[in-house]
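Peer 1: Below is the structure I would like to discuss, written out as structure tokens.
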Amino acid sequence: MTPNLGETDRFVAAASQSDRLIAIHFQLRFVTVFGKMIQLVKEGAIGRPVQWRHVTADGSKDRAPNIGYEGIVQDCGIHLIDLGTLAFGKLVRIQTIGMKLSHRPNLGDYDTATAVATYEHGDQMALHMCNGLLRGIKGVETDEILGPEGIIQCQPLAGGVRSDNTKITWTD
């Protein structure tokens, strides 16, 4: 919601004293391909427990200076971790490690990170994220959801744009 708890507390207090509704915009919830992947997990199509592996890397992101940008986990990772809550339930633990790969100043302290999220029933999400590639390098995004009875594979970026026409490959 904000870069730190103090700012979040002030934000929530201001909203509660007004007639405003606050919400976090988790836009990936509305991407059809992710909805289909989550549906397959919930239906038990690949069994349980499950591990969701996500990889994203590109050199296209820059941020304006002084906007409170904290890095790739805040910018990208939080949206994927949210998808994990839809598929797996309550988040109980997250571990992250990050580094500064690029020399571009407006990508926060960490433009490259690995995060492992563990959910209430033991399912996991492993995120490997990088915005620190050289400018102009077109990156990759791929998702695999692994279970004891199969794999759901997806590449949600088509030509750099999210597409509902993304193919979900089911491996039995």
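By order in the structure tokens, chains are A, B, ...; within a chain, residues start at 1; ligands start at 1, following the order shown.
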Could you pull out the helix (DSSP H, G or I) residues of chain A from DSSP and send them as a ChimeraX atom specification?
Peer 2: /A:5-16,27-30,32-42,72-88,105-107
Peer 1: So that I can check the secondary structure, give me every residue of chain A assigned strand (DSSP E) by backbone DSSP, as a ChimeraX atom specification.
Peer 2: /A:51-57,91-99,112-119,124-130,140-147,150-154,157-158,161-162,168-171
Peer 1: How about saving the chosen residues, N, CA and C atoms kept, as a compact mmCIF listing (two decimals), in the first residue's frame?
Peer 2:
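Output below, filename out_22.txt:
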```txt
# COMPACT_ATOMS: atom_id res chain seq x y z
N GLN A 51 3.66 -25.93 -6.21
CA GLN A 51 4.63 -24.84 -6.24
C GLN A 51 4.43 -24.05 -7.52
N TRP A 52 4.26 -22.75 -7.38
CA TRP A 52 4.12 -21.83 -8.52
C TRP A 52 5.46 -21.16 -8.70
N ARG A 53 6.04 -21.31 -9.88
CA ARG A 53 7.31 -20.66 -10.21
C ARG A 53 7.08 -19.57 -11.23
N HIS A 54 7.55 -18.37 -10.93
CA HIS A 54 7.38 -17.23 -11.83
C HIS A 54 8.75 -16.63 -12.12
N VAL A 55 9.01 -16.34 -13.39
CA VAL A 55 10.24 -15.67 -13.80
C VAL A 55 9.87 -14.49 -14.67
N THR A 56 10.40 -13.32 -14.34
CA THR A 56 10.25 -12.16 -15.21
C THR A 56 11.57 -11.40 -15.24
N ALA A 57 11.95 -10.94 -16.43
CA ALA A 57 13.18 -10.17 -16.58
C ALA A 57 13.05 -9.28 -17.80
N LEU A 91 -1.31 -16.15 3.16
CA LEU A 91 0.15 -16.07 3.15
C LEU A 91 0.64 -16.15 4.60
N VAL A 92 1.58 -17.05 4.87
CA VAL A 92 2.08 -17.16 6.24
C VAL A 92 3.55 -16.77 6.38
N ARG A 93 4.29 -16.76 5.28
CA ARG A 93 5.70 -16.41 5.36
C ARG A 93 6.20 -15.98 4.00
N ILE A 94 7.07 -14.98 4.01
CA ILE A 94 7.74 -14.61 2.77
C ILE A 94 9.20 -14.30 3.07
N GLN A 95 10.06 -14.80 2.22
CA GLN A 95 11.49 -14.55 2.33
C GLN A 95 11.94 -13.94 1.01
N THR A 96 12.71 -12.87 1.09
CA THR A 96 13.21 -12.25 -0.13
C THR A 96 14.68 -11.94 0.01
N ILE A 97 15.33 -11.93 -1.12
CA ILE A 97 16.71 -11.45 -1.19
C ILE A 97 16.81 -10.66 -2.49
N GLY A 98 17.45 -9.50 -2.43
CA GLY A 98 17.51 -8.66 -3.60
C GLY A 98 18.89 -8.10 -3.84
N MET A 99 19.06 -7.55 -5.01
CA MET A 99 20.33 -6.93 -5.38
C MET A 99 20.07 -5.83 -6.39
N THR A 112 16.45 -6.43 -8.83
CA THR A 112 16.48 -7.87 -9.06
C THR A 112 16.25 -8.56 -7.73
N ALA A 113 15.35 -9.53 -7.70
CA ALA A 113 15.06 -10.19 -6.42
C ALA A 113 14.52 -11.60 -6.63
N THR A 114 14.70 -12.40 -5.62
CA THR A 114 14.08 -13.71 -5.52
C THR A 114 13.26 -13.71 -4.25
N ALA A 115 12.04 -14.17 -4.34
CA ALA A 115 11.16 -14.25 -3.18
C ALA A 115 10.52 -15.63 -3.14
N VAL A 116 10.37 -16.16 -1.94
CA VAL A 116 9.65 -17.41 -1.75
C VAL A 116 8.53 -17.14 -0.75
N ALA A 117 7.31 -17.35 -1.22
CA ALA A 117 6.13 -17.15 -0.38
C ALA A 117 5.58 -18.53 -0.01
N THR A 118 5.24 -18.71 1.26
CA THR A 118 4.66 -19.95 1.74
C THR A 118 3.26 -19.65 2.23
N TYR A 119 2.32 -20.48 1.84
CA TYR A 119 0.91 -20.27 2.15
C TYR A 119 0.44 -21.29 3.19
N GLN A 124 3.72 -23.24 -2.18
CA GLN A 124 4.74 -22.20 -2.27
C GLN A 124 4.68 -21.48 -3.61
N MET A 125 5.15 -20.25 -3.60
CA MET A 125 5.35 -19.49 -4.83
C MET A 125 6.79 -18.99 -4.81
N ALA A 126 7.53 -19.29 -5.87
CA ALA A 126 8.91 -18.83 -6.00
C ALA A 126 8.96 -17.80 -7.13
N LEU A 127 9.38 -16.59 -6.79
CA LEU A 127 9.41 -15.50 -7.75
C LEU A 127 10.86 -15.12 -8.04
N HIS A 128 11.18 -15.04 -9.32
CA HIS A 128 12.50 -14.58 -9.76
C HIS A 128 12.23 -13.39 -10.67
N MET A 129 12.58 -12.18 -10.21
CA MET A 129 12.17 -10.97 -10.91
C MET A 129 13.38 -10.07 -11.15
N CYS A 130 13.43 -9.47 -12.34
CA CYS A 130 14.52 -8.56 -12.67
C CYS A 130 14.03 -7.44 -13.58
N VAL A 140 11.50 -11.63 -20.62
CA VAL A 140 10.71 -12.85 -20.64
C VAL A 140 9.82 -12.86 -19.40
N GLU A 141 8.67 -13.47 -19.53
CA GLU A 141 7.83 -13.76 -18.38
C GLU A 141 7.26 -15.15 -18.57
N THR A 142 7.40 -15.97 -17.57
CA THR A 142 6.90 -17.32 -17.66
C THR A 142 6.41 -17.77 -16.29
N ASP A 143 5.39 -18.59 -16.30
CA ASP A 143 4.83 -19.15 -15.08
C ASP A 143 4.67 -20.65 -15.26
N GLU A 144 5.02 -21.39 -14.22
CA GLU A 144 4.80 -22.83 -14.16
C GLU A 144 4.21 -23.13 -12.79
N ILE A 145 3.15 -23.89 -12.79
CA ILE A 145 2.58 -24.35 -11.53
C ILE A 145 2.74 -25.86 -11.51
N LEU A 146 3.52 -26.32 -10.53
CA LEU A 146 3.90 -27.73 -10.45
C LEU A 146 3.11 -28.43 -9.36
N GLY A 147 2.62 -29.61 -9.65
CA GLY A 147 1.94 -30.43 -8.65
C GLY A 147 2.32 -31.88 -8.88
N GLY A 150 0.84 -33.13 -12.32
CA GLY A 150 0.94 -32.41 -13.58
C GLY A 150 1.57 -31.04 -13.44
N ILE A 151 1.64 -30.34 -14.57
CA ILE A 151 2.24 -29.01 -14.64
C ILE A 151 1.33 -28.12 -15.48
N ILE A 152 1.12 -26.90 -15.02
CA ILE A 152 0.46 -25.88 -15.82
C ILE A 152 1.55 -24.90 -16.22
N GLN A 153 1.73 -24.67 -17.52
CA GLN A 153 2.77 -23.76 -18.00
C GLN A 153 2.13 -22.63 -18.78
N CYS A 154 2.69 -21.44 -18.64
CA CYS A 154 2.12 -20.26 -19.27
C CYS A 154 3.20 -19.22 -19.51
N LEU A 157 3.16 -12.99 -21.34
CA LEU A 157 3.47 -11.84 -22.19
C LEU A 157 3.52 -12.28 -23.64
N ALA A 158 2.77 -11.58 -24.47
CA ALA A 158 2.80 -11.83 -25.91
C ALA A 158 3.20 -10.52 -26.58
N VAL A 161 2.91 -7.43 -24.31
CA VAL A 161 1.59 -7.03 -23.85
C VAL A 161 0.88 -8.25 -23.28
N ARG A 162 0.26 -8.11 -22.12
CA ARG A 162 -0.51 -9.22 -21.56
C ARG A 162 -1.65 -9.55 -22.51
N ILE A 168 -2.15 -21.89 -22.38
CA ILE A 168 -1.84 -22.65 -21.17
C ILE A 168 -1.55 -24.06 -21.61
N THR A 169 -0.36 -24.54 -21.30
CA THR A 169 0.01 -25.89 -21.67
C THR A 169 -0.20 -26.79 -20.48
N TRP A 170 -0.99 -27.81 -20.67
CA TRP A 170 -1.27 -28.77 -19.62
C TRP A 170 -0.42 -30.00 -19.88
N THR A 171 0.41 -30.36 -18.90
CA THR A 171 1.24 -31.56 -19.02
C THR A 171 0.73 -32.56 -18.00
```
Peer 1: Looking at A:Thr85, A:Asn106, A:Ser16, A:Gln74, which one is nearest to Asn4 (chain A), with distances taken over only C-alpha atoms?
Peer 2: A:Gln74
Peer 1: Taking 4 positions as the minimum chain separation for residues in the same chain, which residues sit within 10 Å of Ile38 (chain A) when counting only C-alpha atoms? Answer as a ChimeraX atom specification.
Peer 2: /A:29,32-34,42-44,83-88,145,152
